[in-house]
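Dropping run.txt in here (compact mmCIF, C-alpha atoms):
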```txt
# COMPACT_ATOMS: atom_id res chain seq x y z
CA MET A 198 104.19 162.70 29.58
CA THR A 199 102.20 159.92 31.27
CA LEU A 200 101.10 159.93 34.91
CA GLN A 201 103.28 156.89 35.58
CA LEU A 202 106.38 158.60 34.21
CA ILE A 203 105.90 161.83 36.16
CA ILE A 204 105.41 159.84 39.39
CA VAL A 205 108.66 157.99 38.73
CA LEU A 206 110.42 161.33 38.10
CA ILE A 207 109.04 162.70 41.35
CA LEU A 208 110.11 159.73 43.45
CA ILE A 209 113.50 158.89 41.96
CA GLY A 210 114.55 162.47 41.24
CA GLY A 211 113.33 163.65 44.65
CA TRP A 212 115.29 160.92 46.37
CA LEU A 213 118.48 161.66 44.40
CA PHE A 214 118.29 165.43 44.96
CA GLY A 215 117.55 164.84 48.63
CA ARG A 216 120.66 162.71 48.97
CA LEU A 217 122.75 165.28 47.08
CA ALA A 218 121.54 168.04 49.40
CA SER A 219 122.45 165.94 52.43
CA ARG A 220 125.92 165.30 51.01
CA ILE A 221 126.69 169.03 50.89
CA GLY A 222 125.27 169.67 54.35
CA LEU A 223 121.82 170.99 53.38
CA PRO A 224 118.46 169.58 54.49
CA SER A 225 117.34 166.80 52.17
CA VAL A 226 113.89 168.38 51.78
CA LEU A 227 115.55 171.43 50.24
CA GLY A 228 116.98 169.22 47.50
CA MET A 229 113.56 167.65 46.95
CA THR A 230 111.97 171.08 46.64
CA ILE A 231 114.61 172.20 44.13
CA TRP A 232 113.90 169.09 42.07
CA GLY A 233 110.22 170.00 42.09
CA VAL A 234 111.02 173.51 40.89
CA LEU A 235 113.08 172.02 38.04
CA ILE A 236 110.27 169.68 37.02
CA GLY A 237 107.78 172.55 36.99
CA SER A 238 110.13 174.82 35.05
CA LEU A 239 111.40 172.31 32.48
CA TRP A 240 108.39 170.03 31.93
CA GLY A 241 105.50 172.01 33.38
CA ASP A 242 103.61 172.07 30.10
CA PHE A 243 103.84 168.29 29.78
CA ILE A 244 102.61 167.36 33.26
CA PRO A 245 99.33 165.45 32.91
CA PRO A 246 96.30 167.13 34.50
CA GLU A 247 95.61 163.93 36.44
CA LEU A 248 98.59 164.70 38.65
CA TRP A 249 97.28 168.15 39.56
CA ASN A 250 93.92 166.56 40.38
CA LEU A 251 95.69 164.04 42.62
CA ALA A 252 98.16 166.52 44.18
CA PRO A 253 95.81 167.96 46.87
CA PHE A 254 95.10 164.48 48.21
CA LEU A 255 98.77 163.50 48.21
CA LYS A 256 99.71 166.69 50.07
CA SER A 257 96.88 166.15 52.54
CA LEU A 258 97.97 162.57 53.15
CA ALA A 259 101.55 163.70 53.77
CA LEU A 260 100.33 166.31 56.26
CA ILE A 261 98.26 163.64 58.00
CA VAL A 262 101.39 161.51 58.38
CA ILE A 263 103.28 164.54 59.75
CA LEU A 264 100.62 165.39 62.33
CA LEU A 265 100.13 161.78 63.40
CA ARG A 266 103.87 161.56 63.99
CA ALA A 267 103.67 164.82 65.91
CA GLY A 268 100.83 163.55 68.10
CA LEU A 269 102.62 160.26 68.70
CA GLY A 270 105.69 162.25 69.73
CA ILE A 271 104.04 164.40 72.40
CA ASN A 272 103.61 162.74 75.77
CA ILE A 273 101.56 164.17 78.62
CA THR A 274 104.61 165.07 80.71
CA SER A 275 106.12 167.11 77.88
CA LEU A 276 102.82 168.79 77.09
CA ARG A 277 102.38 169.87 80.70
CA LYS A 278 105.84 171.43 80.66
CA VAL A 279 105.38 173.41 77.45
CA GLY A 280 101.62 173.68 77.08
CA LEU A 281 101.16 177.37 77.94
CA VAL A 282 104.19 178.52 75.95
CA ALA A 283 103.15 176.33 72.99
CA VAL A 284 99.70 177.95 72.96
CA LYS A 285 101.28 181.41 73.01
CA MET A 286 103.66 180.34 70.22
CA ALA A 287 100.63 179.25 68.21
CA PHE A 288 99.00 182.67 68.16
CA ILE A 289 101.30 185.55 69.14
CA PRO A 290 104.00 185.23 66.40
CA ALA A 291 101.41 184.74 63.63
CA LEU A 292 99.34 187.64 64.94
CA CYS A 293 102.39 189.93 65.03
CA GLU A 294 103.44 188.97 61.51
CA ALA A 295 99.94 189.24 60.09
CA SER A 296 99.43 192.67 61.69
CA ALA A 297 102.65 193.99 60.21
CA LEU A 298 101.83 192.54 56.77
CA VAL A 299 98.32 194.02 56.79
CA LEU A 300 99.81 197.47 57.27
CA LEU A 301 102.45 196.88 54.58
CA PHE A 302 99.98 195.54 52.02
CA HIS A 303 97.58 198.42 52.68
CA TYR A 304 99.95 201.37 52.85
CA VAL A 305 102.76 200.19 50.52
CA LEU A 306 100.80 198.30 47.85
CA GLY A 307 97.44 200.01 48.28
CA PHE A 308 95.39 196.88 49.00
CA ASP A 309 92.05 197.48 50.68
CA TRP A 310 91.90 196.26 54.28
CA ILE A 311 90.10 192.96 53.63
CA VAL A 312 92.39 191.88 50.77
CA ALA A 313 95.41 193.02 52.80
CA ALA A 314 94.23 190.84 55.70
CA LEU A 315 93.67 187.92 53.30
CA ALA A 316 97.20 188.21 51.90
CA ALA A 317 98.67 188.67 55.39
CA ALA A 318 96.92 185.56 56.71
CA LEU A 319 98.25 183.52 53.79
CA LEU A 320 101.85 184.67 54.27
CA SER A 321 101.92 184.46 58.06
CA ALA A 322 101.53 180.67 58.29
CA VAL A 323 104.63 178.72 59.33
CA SER A 324 105.19 175.43 57.50
CA PRO A 325 104.40 172.28 59.54
CA ALA A 326 105.93 170.22 56.72
CA ALA A 327 109.27 171.89 57.47
CA VAL A 328 109.04 172.39 61.23
CA VAL A 329 107.44 169.16 62.52
CA PRO A 330 109.81 166.61 60.89
CA SER A 331 112.81 168.76 61.84
CA MET A 332 111.66 168.90 65.47
CA LEU A 333 111.03 165.14 65.55
CA THR A 334 114.56 164.56 64.29
CA LEU A 335 116.00 166.81 67.00
CA LYS A 336 113.89 164.98 69.61
CA ASP A 337 115.22 161.63 68.41
CA GLU A 338 118.78 162.96 68.63
CA GLY A 339 118.21 164.24 72.18
CA TYR A 340 118.49 167.98 71.51
CA GLY A 341 116.45 170.27 73.75
CA HIS A 342 115.05 167.36 75.76
CA ASP A 343 115.63 168.96 79.16
CA LYS A 344 113.12 171.75 78.41
CA ASP A 345 111.21 169.98 75.62
CA VAL A 346 111.98 172.75 73.14
CA PRO A 347 111.27 170.61 70.01
CA THR A 348 107.91 169.56 71.49
CA MET A 349 107.06 173.21 72.09
CA MET A 350 107.93 174.08 68.49
CA LEU A 351 106.02 171.24 66.82
CA ALA A 352 102.90 171.77 68.94
CA GLY A 353 102.99 175.53 68.43
CA ALA A 354 103.61 175.26 64.68
CA SER A 355 100.68 172.86 64.22
CA LEU A 356 98.30 175.16 66.11
CA ASP A 357 99.70 178.20 64.27
CA ASN A 358 98.67 176.66 60.98
CA ILE A 359 95.18 175.86 62.16
CA ALA A 360 94.55 179.43 63.36
CA VAL A 361 96.00 181.04 60.23
CA ILE A 362 94.08 178.81 57.79
CA THR A 363 90.87 179.57 59.67
CA MET A 364 91.48 183.31 59.40
CA PHE A 365 92.37 182.96 55.71
CA THR A 366 89.03 181.25 55.12
CA LEU A 367 87.23 184.03 56.97
CA PHE A 368 88.84 186.85 54.98
CA LEU A 369 88.35 184.97 51.70
CA GLY A 370 84.64 184.89 52.44
CA LEU A 371 84.64 188.60 53.27
CA SER A 372 86.46 189.35 50.01
CA ARG A 373 83.59 187.65 48.17
CA GLY A 374 81.18 190.09 49.74
CA GLU A 375 79.86 187.91 52.55
CA GLU A 376 78.46 189.90 55.47
CA LEU A 377 80.65 190.39 58.53
CA ASN A 378 79.16 188.81 61.63
CA PHE A 379 80.92 190.07 64.75
CA ILE A 380 80.15 187.03 66.90
CA ARG A 381 81.21 184.65 64.14
CA THR A 382 84.42 186.62 63.62
CA VAL A 383 85.34 186.51 67.31
CA LEU A 384 84.49 182.84 67.81
CA ILE A 385 85.60 181.35 64.47
CA VAL A 386 89.12 180.35 65.58
CA PRO A 387 88.32 178.82 69.01
CA TRP A 388 85.14 177.23 67.62
CA SER A 389 87.00 175.70 64.69
CA ILE A 390 89.72 174.38 67.00
CA LEU A 391 87.19 172.93 69.48
CA LEU A 392 85.19 171.20 66.73
CA GLY A 393 88.46 169.87 65.31
CA ILE A 394 89.69 168.45 68.62
CA LEU A 395 86.45 166.78 69.78
CA PRO A 396 86.20 164.21 66.93
CA GLY A 397 89.90 163.50 67.42
CA ILE A 398 89.29 162.72 71.10
CA VAL A 399 86.35 160.43 70.31
CA LEU A 400 88.20 158.60 67.54
CA GLY A 401 91.37 158.42 69.63
CA PHE A 402 89.62 156.63 72.49
CA PHE A 403 87.80 154.36 70.03
CA LEU A 404 91.12 153.33 68.47
CA VAL A 405 92.64 152.77 71.92
CA TRP A 406 89.80 150.34 72.72
CA PHE A 407 89.89 148.70 69.29
CA PHE A 408 93.65 148.19 69.16
CA ARG A 409 93.71 146.81 72.71
CA ARG A 410 90.79 144.49 71.98
CA PHE A 411 92.27 143.10 68.77
CA TYR A 412 95.96 143.67 69.44
CA GLU A 413 97.01 140.08 68.77
CA LYS A 414 94.87 139.74 65.64
CA ILE A 415 95.92 142.85 63.70
CA ARG A 416 99.43 143.46 62.42
CA ALA A 417 101.06 146.86 62.87
CA THR A 418 100.79 147.58 59.14
CA GLU A 419 97.04 146.94 59.27
CA LYS A 420 96.76 149.23 62.29
CA VAL A 421 98.46 152.01 60.31
CA LEU A 422 96.10 151.52 57.35
CA LEU A 423 93.10 151.81 59.66
CA LEU A 424 94.55 154.89 61.37
CA LEU A 425 95.28 156.61 58.04
CA GLY A 426 91.85 155.77 56.65
CA ILE A 427 90.08 157.24 59.68
CA SER A 428 92.31 160.33 59.56
CA VAL A 429 91.61 160.94 55.86
CA VAL A 430 87.85 160.74 56.49
CA LEU A 431 88.20 163.08 59.47
CA VAL A 432 90.06 165.65 57.35
CA GLN A 433 87.48 165.39 54.58
CA VAL A 434 84.64 166.00 57.03
CA GLY A 435 86.64 168.91 58.47
CA ASP A 436 86.90 170.43 54.99
CA TRP A 437 83.13 170.19 54.55
CA THR A 438 82.38 171.69 57.97
CA GLN A 439 85.31 174.16 57.94
CA THR A 440 86.74 172.88 61.22
CA SER A 441 90.35 172.24 62.23
CA ALA A 442 90.37 168.53 61.45
CA LEU A 443 94.17 168.37 61.16
CA LEU A 444 94.32 169.26 64.84
CA GLY A 445 91.96 166.36 65.47
CA VAL A 446 94.38 164.08 63.62
CA MET A 447 97.21 165.14 65.92
CA THR A 448 94.91 164.61 68.92
CA ILE A 449 94.37 160.98 67.86
CA GLY A 450 98.11 160.36 67.99
CA PHE A 451 98.42 162.10 71.36
CA ILE A 452 95.66 159.95 72.91
CA LEU A 453 97.14 156.74 71.50
CA LEU A 454 100.50 157.57 73.08
CA ALA A 455 98.87 158.45 76.41
CA LYS A 456 96.53 155.43 76.64
CA ALA A 457 98.14 152.72 74.49
CA ASP A 458 101.85 153.44 74.37
CA ARG A 459 102.79 150.00 73.05
CA VAL A 460 100.50 150.43 70.04
CA ALA A 461 101.72 154.01 69.65
CA GLY A 462 105.27 152.73 69.37
CA GLU A 463 104.34 150.33 66.60
CA LEU A 464 102.43 153.00 64.70
CA SER A 465 105.22 155.52 65.06
CA ARG A 466 107.79 153.10 63.67
CA LYS A 467 105.61 152.38 60.64
CA LEU A 468 104.78 156.05 60.05
CA ASN A 469 108.49 156.91 60.21
CA LYS A 470 109.05 154.51 57.32
CA MET A 471 106.05 155.83 55.43
CA TRP A 472 107.41 159.37 55.82
CA VAL A 473 110.34 158.46 53.53
CA PHE A 474 107.85 158.24 50.66
CA SER A 475 105.50 160.99 51.84
CA GLU A 476 108.33 163.47 52.36
CA ILE A 477 109.54 163.15 48.77
CA VAL A 478 106.05 163.51 47.32
CA LEU A 479 105.13 166.50 49.50
CA PHE A 480 108.22 168.60 48.95
CA VAL A 481 108.58 167.82 45.25
CA LEU A 482 104.93 168.83 44.75
CA ILE A 483 105.56 172.01 46.74
CA GLY A 484 108.50 172.77 44.45
CA MET A 485 106.40 172.05 41.37
CA SER A 486 103.83 174.62 42.53
CA VAL A 487 106.52 177.33 42.64
CA GLN A 488 106.38 179.50 39.54
CA ILE A 489 109.68 181.32 39.08
CA GLU A 490 108.31 183.74 36.49
CA VAL A 491 105.52 184.74 38.88
CA ALA A 492 108.05 185.34 41.67
CA LEU A 493 110.12 187.59 39.40
CA LYS A 494 107.09 189.79 38.79
CA ALA A 495 106.91 190.58 42.51
CA GLY A 496 110.36 192.17 42.44
CA PRO A 497 112.69 193.12 45.32
CA LEU A 498 109.84 194.83 47.18
CA ALA A 499 108.37 191.40 47.94
CA LEU A 500 111.56 190.37 49.71
CA LEU A 501 111.56 193.56 51.77
CA MET A 502 107.93 193.14 52.81
CA ILE A 503 108.34 189.46 53.67
CA THR A 504 111.45 190.32 55.68
CA GLY A 505 109.42 192.93 57.54
CA GLY A 506 106.82 190.29 58.33
CA LEU A 507 109.50 187.88 59.56
CA ALA A 508 110.94 190.60 61.80
CA ALA A 509 107.50 191.10 63.37
CA ARG A 510 107.11 187.31 63.73
CA SER A 511 110.48 187.11 65.48
CA ILE A 512 109.39 189.78 67.94
CA GLY A 513 106.23 187.75 68.51
CA VAL A 514 108.31 184.64 69.28
CA LEU A 515 110.33 186.58 71.85
CA VAL A 516 107.13 187.90 73.42
CA ALA A 517 105.61 184.40 73.52
CA THR A 518 108.71 182.92 75.18
CA ALA A 519 109.20 185.80 77.62
CA GLY A 520 108.92 184.57 81.19
CA SER A 521 109.56 180.96 80.20
CA ASN A 522 112.52 178.90 81.33
CA LEU A 523 114.20 179.15 77.93
CA ASN A 524 117.64 180.72 77.82
CA HIS A 525 118.83 183.17 75.15
CA LYS A 526 120.15 180.43 72.84
CA GLU A 527 116.90 178.48 73.02
CA LYS A 528 114.85 181.60 72.31
CA LEU A 529 117.06 182.31 69.30
CA PHE A 530 116.44 178.77 68.09
CA ALA A 531 112.69 179.32 68.49
CA VAL A 532 112.96 182.40 66.28
CA ILE A 533 114.82 180.42 63.60
CA ALA A 534 112.45 177.44 63.78
CA TYR A 535 109.48 179.70 63.04
CA LEU A 536 110.89 181.13 59.80
CA PRO A 537 110.12 178.55 57.08
CA LYS A 538 106.97 178.87 54.98
CA ALA A 539 105.89 176.43 52.30
CA THR A 540 102.90 174.21 52.98
CA VAL A 541 100.02 176.69 53.29
CA GLN A 542 101.51 179.09 50.74
CA ALA A 543 101.83 176.28 48.16
CA ALA A 544 98.36 174.91 48.86
CA LEU A 545 96.43 178.19 49.05
CA GLY A 546 98.58 180.73 47.19
CA ALA A 547 96.57 180.53 43.99
CA VAL A 548 93.15 180.49 45.70
CA PRO A 549 92.64 184.31 45.76
CA LEU A 550 93.43 184.46 42.03
CA GLN A 551 91.07 181.57 41.25
CA GLU A 552 88.33 183.25 43.31
CA GLY A 553 88.71 186.52 41.41
CA VAL A 554 90.05 188.51 44.37
CA VAL A 555 91.49 191.89 43.39
CA ASN A 556 95.33 191.66 43.22
CA GLY A 557 95.07 187.85 43.36
CA GLU A 558 97.99 187.44 40.95
CA LEU A 559 100.20 189.63 43.12
CA ILE A 560 99.21 187.67 46.24
CA LEU A 561 100.24 184.47 44.45
CA ALA A 562 103.58 186.07 43.53
CA TYR A 563 104.24 186.99 47.17
CA ALA A 564 103.35 183.45 48.27
CA VAL A 565 105.88 182.05 45.79
CA VAL A 566 108.58 184.46 46.96
CA ALA A 567 107.84 183.53 50.58
CA ILE A 568 108.47 179.86 49.79
CA ILE A 569 111.66 180.50 47.83
CA PHE A 570 113.07 182.88 50.45
CA THR A 571 112.01 181.47 53.81
CA ALA A 572 112.02 177.69 53.28
CA PRO A 573 115.79 177.42 52.64
CA LEU A 574 116.50 180.06 55.28
CA GLY A 575 114.51 178.28 57.97
CA LEU A 576 115.49 174.71 57.07
CA VAL A 577 119.20 175.47 56.97
CA GLY A 578 118.85 177.53 60.16
CA ILE A 579 117.17 174.63 61.99
CA ARG A 580 119.73 172.16 60.66
CA LEU A 581 122.69 174.27 61.78
CA GLY A 582 121.16 175.96 64.81
CA GLY A 583 119.64 172.94 66.56
CA PRO A 584 122.91 171.24 67.55
CA ARG A 585 124.55 174.58 68.41
CA LEU A 586 121.75 176.26 70.35
CA LEU A 587 120.02 173.37 72.12
CA GLN A 588 121.45 171.29 74.93
CA ILE A 589 121.78 167.60 74.12
CA SER A 590 120.54 164.85 76.41
CA LEU A 591 121.12 161.13 75.98
CA GLU A 592 118.06 160.24 78.05
CA LYS A 593 115.36 158.33 76.17
CA GLU A 594 112.20 160.36 76.02
CA ASN A 595 109.86 158.04 74.14
CA GLU A 596 107.71 156.24 76.68
CA TRP A 597 107.13 153.25 74.44
CA ASP A 598 110.79 152.37 73.68
CA ASP A 599 111.07 149.73 76.41
CA SER A 600 107.76 148.09 75.61
CA ILE A 601 108.69 147.83 71.95
CA SER A 602 112.08 146.31 72.67
CA ASN A 603 110.35 143.56 74.71
CA ALA A 604 107.51 142.89 72.26
CA PRO A 605 107.54 139.77 70.06
CA MET A 606 108.68 140.58 66.54
CA ALA A 607 105.46 139.25 65.02
CA GLU A 608 103.53 141.94 66.84
CA ILE A 609 105.47 144.86 65.44
CA GLU A 610 105.72 143.86 61.81
```

Could you write out this file's structure as structure tokens?
Amino acid sequence: MTLQLIIVLILIGGWLFGRLASRIGLPSVLGMTIWGVLIGSLWGDFIPPELWNLAPFLKSLALIVILLRAGLGINITSLRKVGLVAVKMAFIPALCEASALVLLFHYVLGFDWIVAALAAALLSAVSPAAVVPSMLTLKDEGYGHDKDVPTMMLAGASLDNIAVITMFTLFLGLSRGEELNFIRTVLIVPWSILLGILPGIVLGFFLVWFFRRFYEKIRATEKVLLLLGISVVLVQVGDWTQTSALLGVMTIGFILLAKADRVAGELSRKLNKMWVFSEIVLFVLIGMSVQIEVALKAGPLALLMITGGLAARSIGVLVATAGSNLNHKEKLFAVIAYLPKATVQAALGAVPLQEGVVNGELILAYAVVAIIFTAPLGLVGIRLGGPRLLQISLEKENEWDDSISNAPMAEIE
């Protein structure tokens, strides 16, 4: 099978399965993921290696689009309202789930503490690919606007991922025999986050100046190309320096919305269109990385352990939202929104096995089961629970809507 043919299968098949899923009331991304699973199961042996070499970049680019959209969707007023709760949502649920999973992996499966922590960190990451687009859709439809619940979820989920990936990297190094440095261990998460945000701030203000200076001379499409190029370089540098560059990407979008809302509106409109393509590629590739035969090896115990982790995560969500102005329905929605796992598990699930970590194959199996079990559960829960549990508001919340409606068409093409 040629690279061209497999790309056509991914795009056309992903689109068709997404539409079919929507027709029967399921999230379209669930249909795309199922199509990816079918491709991997039926034609896995015929997929050209060039696609697997290209897949990490395509996934990274899709995540960049997601986080730019997230940053462009968070205004200062909303962030002030939900900032403290969002920070607690970023750390407390993941910490509760990881703690429970460490104990389960150690005492039930007999993993040593470091490998148990590595597996727990991998499984405790919520999926920004599932949560962020879903929250943006709810924001656009006006659900939860009065208390900015979707903003709280998308900001918390993005930070959750950053913290968990950082801890995964730390425990992977320890599993290789690297020495434990107490100061490094304590500071690794805040240091990684700080070094991820700072370049985003600098680049964000540079783009604000640049887009204002050359606003009339650069089309919106060209602005998006420049923004994506800078974001890709930022993520690459973050990979080299092991900092939270994806958080920096989201920071760029946030600064653009705060300081150049007219430009932010143009960029958001273009990125929304680009997401149609990126969404199909991301979720089909996630599905293709799911190995059914590996999941079957994990057995029913994997479901029980993952369910135990989700129960601990749900308790963490309730703890994080305690004392906030959320009512019982909104807290229940927050629990549901934090269920889906896919992105990190698909990207990093095979890493322990590739690095020769003891029980690496079993860790991969648990990552696959986590995707198969939690992604449909969370996506369907968000789809059904959002309109039922969140209050709807018809008030426009995007600050740049009016400026866009008054802008000349040539400027927003």

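Those DNA, RNA and protein residues that approach the point (88.2, 173.0, 65.8) to within 9 Å, considering only C-alpha atoms, are Ile359, Ile385, Val386, Pro387, Trp388, Ser389, Ile390, Leu391, Leu392, Gly393, Ile394, Leu395, Gly435, Gln439, Thr440, Ser441, Ala442, Leu443, Leu444 and Gly445 of chain A.
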
Write a file of the just-selected residues containing C-alpha atoms, as a short mmCIF file (atom, residue, chain, number, x, y, z; two decimals), keeping the file's coordinate frame.
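Wrote it out as part.cif, contents follow:
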```cif
data_model
loop_
_atom_site.label_atom_id
_atom_site.label_comp_id
_atom_site.auth_asym_id
_atom_site.auth_seq_id
_atom_site.Cartn_x
_atom_site.Cartn_y
_atom_site.Cartn_z
CA ILE A 359 95.18 175.86 62.16
CA ILE A 385 85.60 181.35 64.47
CA VAL A 386 89.12 180.35 65.58
CA PRO A 387 88.32 178.82 69.01
CA TRP A 388 85.14 177.23 67.62
CA SER A 389 87.00 175.70 64.69
CA ILE A 390 89.72 174.38 67.00
CA LEU A 391 87.19 172.93 69.48
CA LEU A 392 85.19 171.20 66.73
CA GLY A 393 88.46 169.87 65.31
CA ILE A 394 89.69 168.45 68.62
CA LEU A 395 86.45 166.78 69.78
CA GLY A 435 86.64 168.91 58.47
CA GLN A 439 85.31 174.16 57.94
CA THR A 440 86.74 172.88 61.22
CA SER A 441 90.35 172.24 62.23
CA ALA A 442 90.37 168.53 61.45
CA LEU A 443 94.17 168.37 61.16
CA LEU A 444 94.32 169.26 64.84
CA GLY A 445 91.96 166.36 65.47
#
```

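The space between CA of Met229 (chain A) and CA of Ile477 (chain A) spans 6.3 Å.
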
Closest contacts (region 432-478 of chain A/region 399-417 of chain A, max 12 Å, all atoms listed in the file) as JSON lines:
```
{"residue": "A:Ala442", "atom": "CA", "partner": "A:Leu400", "partner_atom": "CA", "distance": 11.8}
{"residue": "A:Gly445", "atom": "CA", "partner": "A:Leu400", "partner_atom": "CA", "distance": 8.9}
{"residue": "A:Val446", "atom": "CA", "partner": "A:Gly401", "partner_atom": "CA", "distance": 8.8}
{"residue": "A:Met447", "atom": "CA", "partner": "A:Gly401", "partner_atom": "CA", "distance": 9.6}
{"residue": "A:Thr448", "atom": "CA", "partner": "A:Gly401", "partner_atom": "CA", "distance": 7.2}
{"residue": "A:Ile449", "atom": "CA", "partner": "A:Gly401", "partner_atom": "CA", "distance": 4.3}
{"residue": "A:Gly450", "atom": "CA", "partner": "A:Gly401", "partner_atom": "CA", "distance": 7.2}
{"residue": "A:Phe451", "atom": "CA", "partner": "A:Gly401", "partner_atom": "CA", "distance": 8.1}
{"residue": "A:Ile452", "atom": "CA", "partner": "A:Gly401", "partner_atom": "CA", "distance": 5.6}
{"residue": "A:Leu453", "atom": "CA", "partner": "A:Val405", "partner_atom": "CA", "distance": 6.0}
{"residue": "A:Leu454", "atom": "CA", "partner": "A:Val405", "partner_atom": "CA", "distance": 9.3}
{"residue": "A:Ala455", "atom": "CA", "partner": "A:Val405", "partner_atom": "CA", "distance": 9.6}
{"residue": "A:Lys456", "atom": "CA", "partner": "A:Val405", "partner_atom": "CA", "distance": 6.7}
{"residue": "A:Ala457", "atom": "CA", "partner": "A:Val405", "partner_atom": "CA", "distance": 6.1}
{"residue": "A:Asp458", "atom": "CA", "partner": "A:Val405", "partner_atom": "CA", "distance": 9.6}
{"residue": "A:Arg459", "atom": "CA", "partner": "A:Arg409", "partner_atom": "CA", "distance": 9.6}
{"residue": "A:Val460", "atom": "CA", "partner": "A:Phe408", "partner_atom": "CA", "distance": 7.3}
{"residue": "A:Ala461", "atom": "CA", "partner": "A:Val405", "partner_atom": "CA", "distance": 9.4}
{"residue": "A:Gly462", "atom": "CA", "partner": "A:Ala417", "partner_atom": "CA", "distance": 9.7}
{"residue": "A:Glu463", "atom": "CA", "partner": "A:Ala417", "partner_atom": "CA", "distance": 6.1}
{"residue": "A:Leu464", "atom": "CA", "partner": "A:Ala417", "partner_atom": "CA", "distance": 6.6}
{"residue": "A:Ser465", "atom": "CA", "partner": "A:Ala417", "partner_atom": "CA", "distance": 9.9}
{"residue": "A:Arg466", "atom": "CA", "partner": "A:Ala417", "partner_atom": "CA", "distance": 9.2}
{"residue": "A:Lys467", "atom": "CA", "partner": "A:Ala417", "partner_atom": "CA", "distance": 7.5}
{"residue": "A:Leu468", "atom": "CA", "partner": "A:Ala417", "partner_atom": "CA", "distance": 10.3}
```

Selection export as a PDB file, keeping the file's coordinate frame, atoms kept: C-alpha atoms:
```pdb
ATOM      1  CA  ALA A 442      90.370 168.530  61.450  1.00  0.00           C
ATOM      2  CA  GLY A 445      91.960 166.360  65.470  1.00  0.00           C
ATOM      3  CA  VAL A 446      94.380 164.080  63.620  1.00  0.00           C
ATOM      4  CA  MET A 447      97.210 165.140  65.920  1.00  0.00           C
ATOM      5  CA  THR A 448      94.910 164.610  68.920  1.00  0.00           C
ATOM      6  CA  ILE A 449      94.370 160.980  67.860  1.00  0.00           C
ATOM      7  CA  GLY A 450      98.110 160.360  67.990  1.00  0.00           C
ATOM      8  CA  PHE A 451      98.420 162.100  71.360  1.00  0.00           C
ATOM      9  CA  ILE A 452      95.660 159.950  72.910  1.00  0.00           C
ATOM     10  CA  LEU A 453      97.140 156.740  71.500  1.00  0.00           C
ATOM     11  CA  LEU A 454     100.500 157.570  73.080  1.00  0.00           C
ATOM     12  CA  ALA A 455      98.870 158.450  76.410  1.00  0.00           C
ATOM     13  CA  LYS A 456      96.530 155.430  76.640  1.00  0.00           C
ATOM     14  CA  ALA A 457      98.140 152.720  74.490  1.00  0.00           C
ATOM     15  CA  ASP A 458     101.850 153.440  74.370  1.00  0.00           C
ATOM     16  CA  ARG A 459     102.790 150.000  73.050  1.00  0.00           C
ATOM     17  CA  VAL A 460     100.500 150.430  70.040  1.00  0.00           C
ATOM     18  CA  ALA A 461     101.720 154.010  69.650  1.00  0.00           C
ATOM     19  CA  GLY A 462     105.270 152.730  69.370  1.00  0.00           C
ATOM     20  CA  GLU A 463     104.340 150.330  66.600  1.00  0.00           C
ATOM     21  CA  LEU A 464     102.430 153.000  64.700  1.00  0.00           C
ATOM     22  CA  SER A 465     105.220 155.520  65.060  1.00  0.00           C
ATOM     23  CA  ARG A 466     107.790 153.100  63.670  1.00  0.00           C
ATOM     24  CA  LYS A 467     105.610 152.380  60.640  1.00  0.00           C
ATOM     25  CA  LEU A 468     104.780 156.050  60.050  1.00  0.00           C
TER      26      LEU A 468
END
```

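Considering all atoms listed in the file, the residue among A:Leu320, A:Ala313, A:Leu269, A:Ile209 positioned nearest to Ser372 (chain A) is A:Ala313.
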
Which is closest to Ser486 (chain A) among A:Leu367, A:Leu515, A:Ala539, A:Val532, if we use only C-alpha atoms?
-> A:Ala539

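Note that CA of Asp337 (chain A) and CA of Gln588 (chain A) are 13.2 Å apart.
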
Interatomic distance between CA of Gly578 (chain A) and CA of Gly339 (chain A)?
-> 17.9 Å

Quick one: of A:Ile203, A:Ala499, A:Leu581, A:Val548, who's nearest to Pro245 (chain A), counting all atoms listed in the file?
-> A:Ile203

Close residues, Thr230 (chain A) itself excluded, 12 Å, only C-alpha atoms, min 4 positions apart in chain, as a ChimeraX atom specification = /A:207-208,210-215,218,223-226,234-237,326-327,476-487,539-540,543,568-569,572-573,576

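Excluding Ala287 (chain A) itself and same-chain residues fewer than 6 positions from it, the residues having an atom within 10 Å of it are Leu281, Val323, Met349, Met350, Leu351, Ala352, Gly353, Ala354, Ser355, Leu356, Asp357, Asn358, Ile359, Ala360, Val361, Val514 and Ala517 of chain A, counting all atoms listed in the file.
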
Using only C-alpha atoms, please write the residues we just selected to a file, as an mmCIF file, in the frame of the given file.
```
data_model
loop_
_atom_site.group_PDB
_atom_site.id
_atom_site.type_symbol
_atom_site.label_atom_id
_atom_site.label_comp_id
_atom_site.auth_asym_id
_atom_site.auth_seq_id
_atom_site.Cartn_x
_atom_site.Cartn_y
_atom_site.Cartn_z
ATOM 1 C CA LEU A 281 101.160 177.370 77.940
ATOM 2 C CA VAL A 323 104.630 178.720 59.330
ATOM 3 C CA MET A 349 107.060 173.210 72.090
ATOM 4 C CA MET A 350 107.930 174.080 68.490
ATOM 5 C CA LEU A 351 106.020 171.240 66.820
ATOM 6 C CA ALA A 352 102.900 171.770 68.940
ATOM 7 C CA GLY A 353 102.990 175.530 68.430
ATOM 8 C CA ALA A 354 103.610 175.260 64.680
ATOM 9 C CA SER A 355 100.680 172.860 64.220
ATOM 10 C CA LEU A 356 98.300 175.160 66.110
ATOM 11 C CA ASP A 357 99.700 178.200 64.270
ATOM 12 C CA ASN A 358 98.670 176.660 60.980
ATOM 13 C CA ILE A 359 95.180 175.860 62.160
ATOM 14 C CA ALA A 360 94.550 179.430 63.360
ATOM 15 C CA VAL A 361 96.000 181.040 60.230
ATOM 16 C CA VAL A 514 108.310 184.640 69.280
ATOM 17 C CA ALA A 517 105.610 184.400 73.520
#
```
